[in-house]
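Trainee: Next comes work_38.cif, mmCIF, C-alpha atoms:
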```
data_coords
#
loop_
_atom_site.label_atom_id
_atom_site.label_comp_id
_atom_site.auth_asym_id
_atom_site.auth_seq_id
_atom_site.Cartn_x
_atom_site.Cartn_y
_atom_site.Cartn_z
CA MET A 1 19.69 -31.90 -4.60
CA GLU A 2 19.04 -29.83 -7.70
CA THR A 3 18.07 -26.21 -7.17
CA PRO A 4 14.65 -25.48 -8.67
CA GLU A 5 14.54 -22.54 -11.05
CA PHE A 6 12.97 -19.51 -9.40
CA ASP A 7 10.36 -18.93 -12.14
CA GLU A 8 9.31 -22.58 -12.18
CA TRP A 9 9.07 -22.69 -8.39
CA VAL A 10 6.96 -19.53 -8.27
CA ALA A 11 4.70 -20.90 -11.02
CA GLN A 12 4.18 -24.08 -8.98
CA ARG A 13 3.88 -22.56 -5.48
CA GLY A 14 2.68 -19.02 -6.18
CA ALA A 15 -1.02 -19.72 -5.77
CA ALA A 16 -0.45 -21.49 -2.43
CA LEU A 17 1.72 -18.61 -1.21
CA LEU A 18 -0.96 -16.12 -2.20
CA ARG A 19 -3.65 -18.17 -0.39
CA PHE A 20 -1.47 -18.27 2.72
CA ALA A 21 -0.88 -14.51 2.55
CA TYR A 22 -4.59 -13.84 2.06
CA LEU A 23 -5.50 -15.95 5.08
CA LEU A 24 -2.86 -14.10 7.06
CA THR A 25 -3.88 -10.60 5.98
CA ARG A 26 -7.57 -11.06 5.01
CA ASP A 27 -7.00 -8.52 2.24
CA HIS A 28 -6.20 -9.33 -1.40
CA VAL A 29 -4.05 -6.25 -1.98
CA ARG A 30 -2.03 -6.70 1.23
CA ALA A 31 -1.61 -10.40 0.42
CA GLU A 32 -0.32 -9.64 -3.07
CA GLU A 33 2.05 -6.99 -1.70
CA ALA A 34 3.41 -9.34 0.99
CA VAL A 35 3.99 -12.14 -1.53
CA GLN A 36 5.59 -9.74 -3.99
CA ASP A 37 7.91 -8.30 -1.32
CA ALA A 38 8.89 -11.80 -0.19
CA LEU A 39 9.58 -13.01 -3.73
CA ILE A 40 11.59 -9.90 -4.62
CA ALA A 41 13.74 -10.46 -1.54
CA ALA A 42 14.16 -14.16 -2.34
CA TYR A 43 15.02 -13.74 -6.03
CA SER A 44 18.54 -12.40 -5.56
CA ARG A 45 19.38 -15.08 -2.97
CA TRP A 46 17.55 -17.98 -4.57
CA SER A 47 20.46 -20.41 -4.94
CA ARG A 48 21.57 -19.79 -1.33
CA ILE A 49 18.00 -20.20 -0.06
CA CYS A 50 17.61 -23.53 -1.84
CA ARG A 51 21.00 -24.73 -0.63
CA GLY A 52 20.52 -23.80 3.00
CA GLN A 53 16.89 -24.55 3.73
CA ASP A 54 13.40 -25.25 2.49
CA PRO A 55 12.57 -22.41 0.07
CA GLU A 56 8.86 -22.49 0.86
CA ALA A 57 9.45 -22.08 4.59
CA TYR A 58 11.81 -19.20 3.86
CA VAL A 59 9.32 -17.42 1.59
CA ARG A 60 6.40 -17.98 3.98
CA ARG A 61 8.46 -16.54 6.83
CA SER A 62 9.27 -13.58 4.56
CA ILE A 63 5.54 -13.10 3.88
CA VAL A 64 4.79 -13.00 7.62
CA ASN A 65 7.66 -10.57 8.18
CA ALA A 66 6.56 -8.37 5.25
CA ASP A 67 3.06 -8.10 6.69
CA ILE A 68 4.38 -7.32 10.18
CA SER A 69 6.66 -4.64 8.72
CA ARG A 70 3.77 -3.14 6.78
CA TRP A 71 1.68 -2.89 9.94
CA ARG A 72 4.54 -1.30 11.85
CA ARG A 73 4.92 1.34 9.12
CA PHE A 74 1.15 1.87 9.08
CA LEU A 75 0.87 2.26 12.84
CA ARG A 76 3.67 4.83 12.87
CA HIS A 77 1.81 7.01 10.38
CA GLU A 78 -1.87 6.29 10.90
CA THR A 79 -4.19 5.91 13.86
CA PRO A 80 -7.05 3.49 13.29
CA THR A 81 -10.39 4.94 14.38
CA ALA A 82 -12.69 1.96 13.87
CA ASP A 83 -13.20 -0.91 16.26
CA PRO A 84 -11.01 -3.81 15.01
CA VAL A 85 -13.82 -6.34 15.61
CA GLN A 86 -16.47 -5.36 13.11
CA THR A 87 -19.44 -7.36 12.01
CA SER A 88 -20.76 -7.22 8.50
CA SER A 89 -23.34 -4.48 8.02
CA ARG A 90 -25.23 -6.37 5.34
CA PRO A 91 -27.37 -9.34 6.33
CA ASP A 92 -26.21 -12.70 5.08
CA HIS A 93 -28.87 -15.34 4.67
CA ALA A 94 -26.44 -18.21 4.34
CA ASP A 95 -25.77 -19.29 7.92
CA ALA A 96 -22.64 -21.22 7.09
CA GLN A 97 -21.09 -18.29 5.24
CA ALA A 98 -22.02 -15.89 8.03
CA GLU A 99 -20.43 -18.16 10.60
CA GLN A 100 -17.26 -18.48 8.52
CA ASP A 101 -17.08 -14.71 8.09
CA ALA A 102 -17.49 -14.24 11.83
CA ILE A 103 -14.66 -16.67 12.51
CA TRP A 104 -12.35 -14.86 10.07
CA THR A 105 -13.29 -11.52 11.60
CA LEU A 106 -12.33 -12.87 15.02
CA CYS A 107 -9.10 -14.31 13.64
CA ALA A 108 -8.26 -10.94 12.10
CA THR A 109 -8.10 -9.46 15.61
CA LEU A 110 -5.25 -11.77 16.59
CA PRO A 111 -1.66 -10.55 16.41
CA THR A 112 0.02 -11.51 13.13
CA LYS A 113 2.24 -14.29 14.47
CA GLN A 114 -0.63 -15.89 16.40
CA ARG A 115 -2.88 -15.66 13.35
CA ALA A 116 -0.14 -17.16 11.17
CA ALA A 117 0.39 -20.01 13.63
CA VAL A 118 -3.36 -20.78 13.71
CA ILE A 119 -3.64 -20.66 9.91
CA LEU A 120 -0.61 -22.89 9.43
CA ARG A 121 -1.83 -25.35 12.08
CA TYR A 122 -5.52 -25.61 11.24
CA TYR A 123 -5.83 -24.51 7.61
CA GLU A 124 -2.52 -25.71 6.16
CA ASP A 125 -2.40 -28.69 8.60
CA LEU A 126 1.35 -28.33 9.18
CA PRO A 127 3.21 -29.86 12.12
CA ASP A 128 4.80 -27.64 14.78
CA ALA A 129 8.32 -28.11 13.40
CA GLU A 130 7.36 -26.79 9.95
CA ILE A 131 5.39 -23.91 11.44
CA ALA A 132 8.40 -23.07 13.61
CA ALA A 133 10.63 -22.99 10.55
CA ILE A 134 8.21 -20.69 8.73
CA LEU A 135 7.77 -18.33 11.69
CA ASP A 136 11.45 -18.51 12.66
CA CYS A 137 10.81 -19.65 16.21
CA SER A 138 10.89 -22.84 18.27
CA PRO A 139 8.14 -25.49 18.18
CA ALA A 140 7.37 -24.61 21.81
CA THR A 141 6.75 -21.00 20.78
CA VAL A 142 4.41 -22.22 18.04
CA ARG A 143 2.43 -24.20 20.59
CA SER A 144 2.24 -21.20 22.95
CA GLN A 145 1.20 -18.87 20.09
CA VAL A 146 -1.60 -21.27 19.09
CA HIS A 147 -2.61 -21.73 22.74
CA ARG A 148 -2.77 -17.97 23.33
CA ALA A 149 -4.67 -17.41 20.09
CA LEU A 150 -7.27 -20.05 20.95
CA ALA A 151 -7.62 -18.68 24.48
CA THR A 152 -8.20 -15.19 23.07
CA LEU A 153 -10.77 -16.51 20.61
CA ARG A 154 -12.57 -18.47 23.34
CA THR A 155 -12.68 -15.41 25.61
CA THR A 156 -14.00 -13.23 22.80
CA LEU A 157 -16.66 -15.79 21.85
CA THR A 158 -17.74 -16.19 25.48
CA THR A 159 -18.03 -12.43 25.86
CA VAL A 160 -20.05 -12.13 22.66
CA GLU A 161 -22.36 -15.00 23.66
CA GLU A 162 -22.95 -13.50 27.11
CA ALA A 163 -23.80 -10.16 25.54
CA THR A 164 -26.42 -11.67 23.24
#
```
Could the structure of this file be written out as structure tokens, please?
Mentor:
Amino acid sequence: METPEFDEWVAQRGAALLRFAYLLTRDHVRAEEAVQDALIAAYSRWSRICRGQDPEAYVRRSIVNADISRWRRFLRHETPTADPVQTSSRPDHADAQAEQDAIWTLCATLPTKQRAAVILRYYEDLPDAEIAAILDCSPATVRSQVHRALATLRTTLTTVEEAT
């Protein structure tokens, strides 16, 4: 198998990686930083990455790890004061958009690995084995992460519906 050139591969897959990172982080700047960190780390090892495994899985796993590392650094230095589940303060007259925003807000409350597993399963439509390769875990762990995430989302939605 021929090793793809790094620049060509990034040109082809960069937009998809950035979309994945944005869905994971829900922030354009954090997504760009995570992708940049992952690509910087992959550049010097590119031929080994392509020889040993799927480069996209490797870079996606690096994106997840970069975002987790960023949050760990942030939590060591900063203490969030706002409630992590926030609703938009401005009214949105488009019901579909409002519902989608509410879903993403709920997803943002999930731990990073659970959120990544849900995004890869339901947005990227990847099978458990590919998700496991990206998240560097077993397929059974992927299934449990998705199960826990969905249970958390169901509980949160039930609580919100009972309150309204």
Trainee: Quick one: distance from atom CA of A:Arg60 to atom CA of A:Cys107 in Å, one decimal?
Mentor: 18.6 Å
Trainee: Compile the contact shell of A:Leu150 as a list in words: residues with an atom at most 10 Å away, counting all atoms listed in the file, same-chain residues fewer than 5 positions apart removed.
Mentor: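 Here the qualifying residues turn out to be Cys107, Leu110, Gln114, Arg115, Val118, Ser144, Gln145, Thr155 and Thr156 of chain A.
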Trainee: Using only C-alpha atoms, pick whichever of A:Pro4, A:Ser69, A:Ala98, A:Ile119 has the shortest atom-to-atom distance to A:Tyr22.
Mentor: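 Checking each candidate against A:Tyr22, we get A:Ile119 as the closest.
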Trainee: Counting all atoms listed in the file, which of A:Ala41, A:Ala116, A:Ile134, A:Leu153 gets nearest to A:Asp54?
Mentor: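 That would be A:Ile134, the residue with the smallest distance to A:Asp54.
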Trainee: Ranking A:Glu56, A:Glu161, A:Glu32, A:Glu8 by minimum distance to A:Ile131 and counting all atoms listed in the file, which one comes first?
Mentor: A:Glu56
Trainee: Within 6 Å of A:Ile63, counting only C-alpha atoms, which residues qualify if same-chain residues fewer than 6 places away don't, as a ChimeraX atom specification?
Mentor: /A:34-35,38
Trainee: Running the PyMOL selection byres ((chain A and resi 30) around 12) on this model by hand, what would come out? Give it as a list in words.
Mentor: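 Applied to this file, the PyMOL selection byres ((chain A and resi 30) around 12) returns Leu18, Arg19, Phe20, Ala21, Tyr22, Leu23, Leu24, Thr25, Arg26, Asp27, His28, Val29, Ala31, Glu32, Glu33, Ala34, Val35, Gln36, Asp37, Ile63, Val64, Ala66, Asp67, Ile68, Ser69, Arg70 and Trp71 of chain A.
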Trainee: Just how far from atom CA of A:Asn65 is atom CA of A:Asp7, in Å to one decimal?
Mentor: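 Between these atoms lies a distance of 22.1 Å.
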Trainee: Using all atoms listed in the file, which protein or nucleic acid residues come within 12 Å of A:Trp46? Drop anything in the same chain fewer than 2 positions from it, and give the result as a PyMOL selection string.
Mentor: chain A and resi 3-7+9-10+38-44+48-56+58-59
Trainee: Could you write out that same residue set with C-alpha atoms as a tab-separated table (two decimals), keeping the file's coordinate frame?
Mentor:
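Produced file again.tsv, reproduced below:
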```tsv
chain	number	residue	atom	x	y	z
A	3	THR	CA	18.07	-26.21	-7.17
A	4	PRO	CA	14.65	-25.48	-8.67
A	5	GLU	CA	14.54	-22.54	-11.05
A	6	PHE	CA	12.97	-19.51	-9.40
A	7	ASP	CA	10.36	-18.93	-12.14
A	9	TRP	CA	9.07	-22.69	-8.39
A	10	VAL	CA	6.96	-19.53	-8.27
A	38	ALA	CA	8.89	-11.80	-0.19
A	39	LEU	CA	9.58	-13.01	-3.73
A	40	ILE	CA	11.59	-9.90	-4.62
A	41	ALA	CA	13.74	-10.46	-1.54
A	42	ALA	CA	14.16	-14.16	-2.34
A	43	TYR	CA	15.02	-13.74	-6.03
A	44	SER	CA	18.54	-12.40	-5.56
A	48	ARG	CA	21.57	-19.79	-1.33
A	49	ILE	CA	18.00	-20.20	-0.06
A	50	CYS	CA	17.61	-23.53	-1.84
A	51	ARG	CA	21.00	-24.73	-0.63
A	52	GLY	CA	20.52	-23.80	3.00
A	53	GLN	CA	16.89	-24.55	3.73
A	54	ASP	CA	13.40	-25.25	2.49
A	55	PRO	CA	12.57	-22.41	0.07
A	56	GLU	CA	8.86	-22.49	0.86
A	58	TYR	CA	11.81	-19.20	3.86
A	59	VAL	CA	9.32	-17.42	1.59
```
Trainee: Compute the distance from (8.4, -27.1, 14.0) to each atom, counting all atoms listed in the file, keep the residues with any atom at most 7 Å away, and return them as a PyMOL selection string; use the coordinates of the file.
Mentor: chain A and resi 127-133+138-139
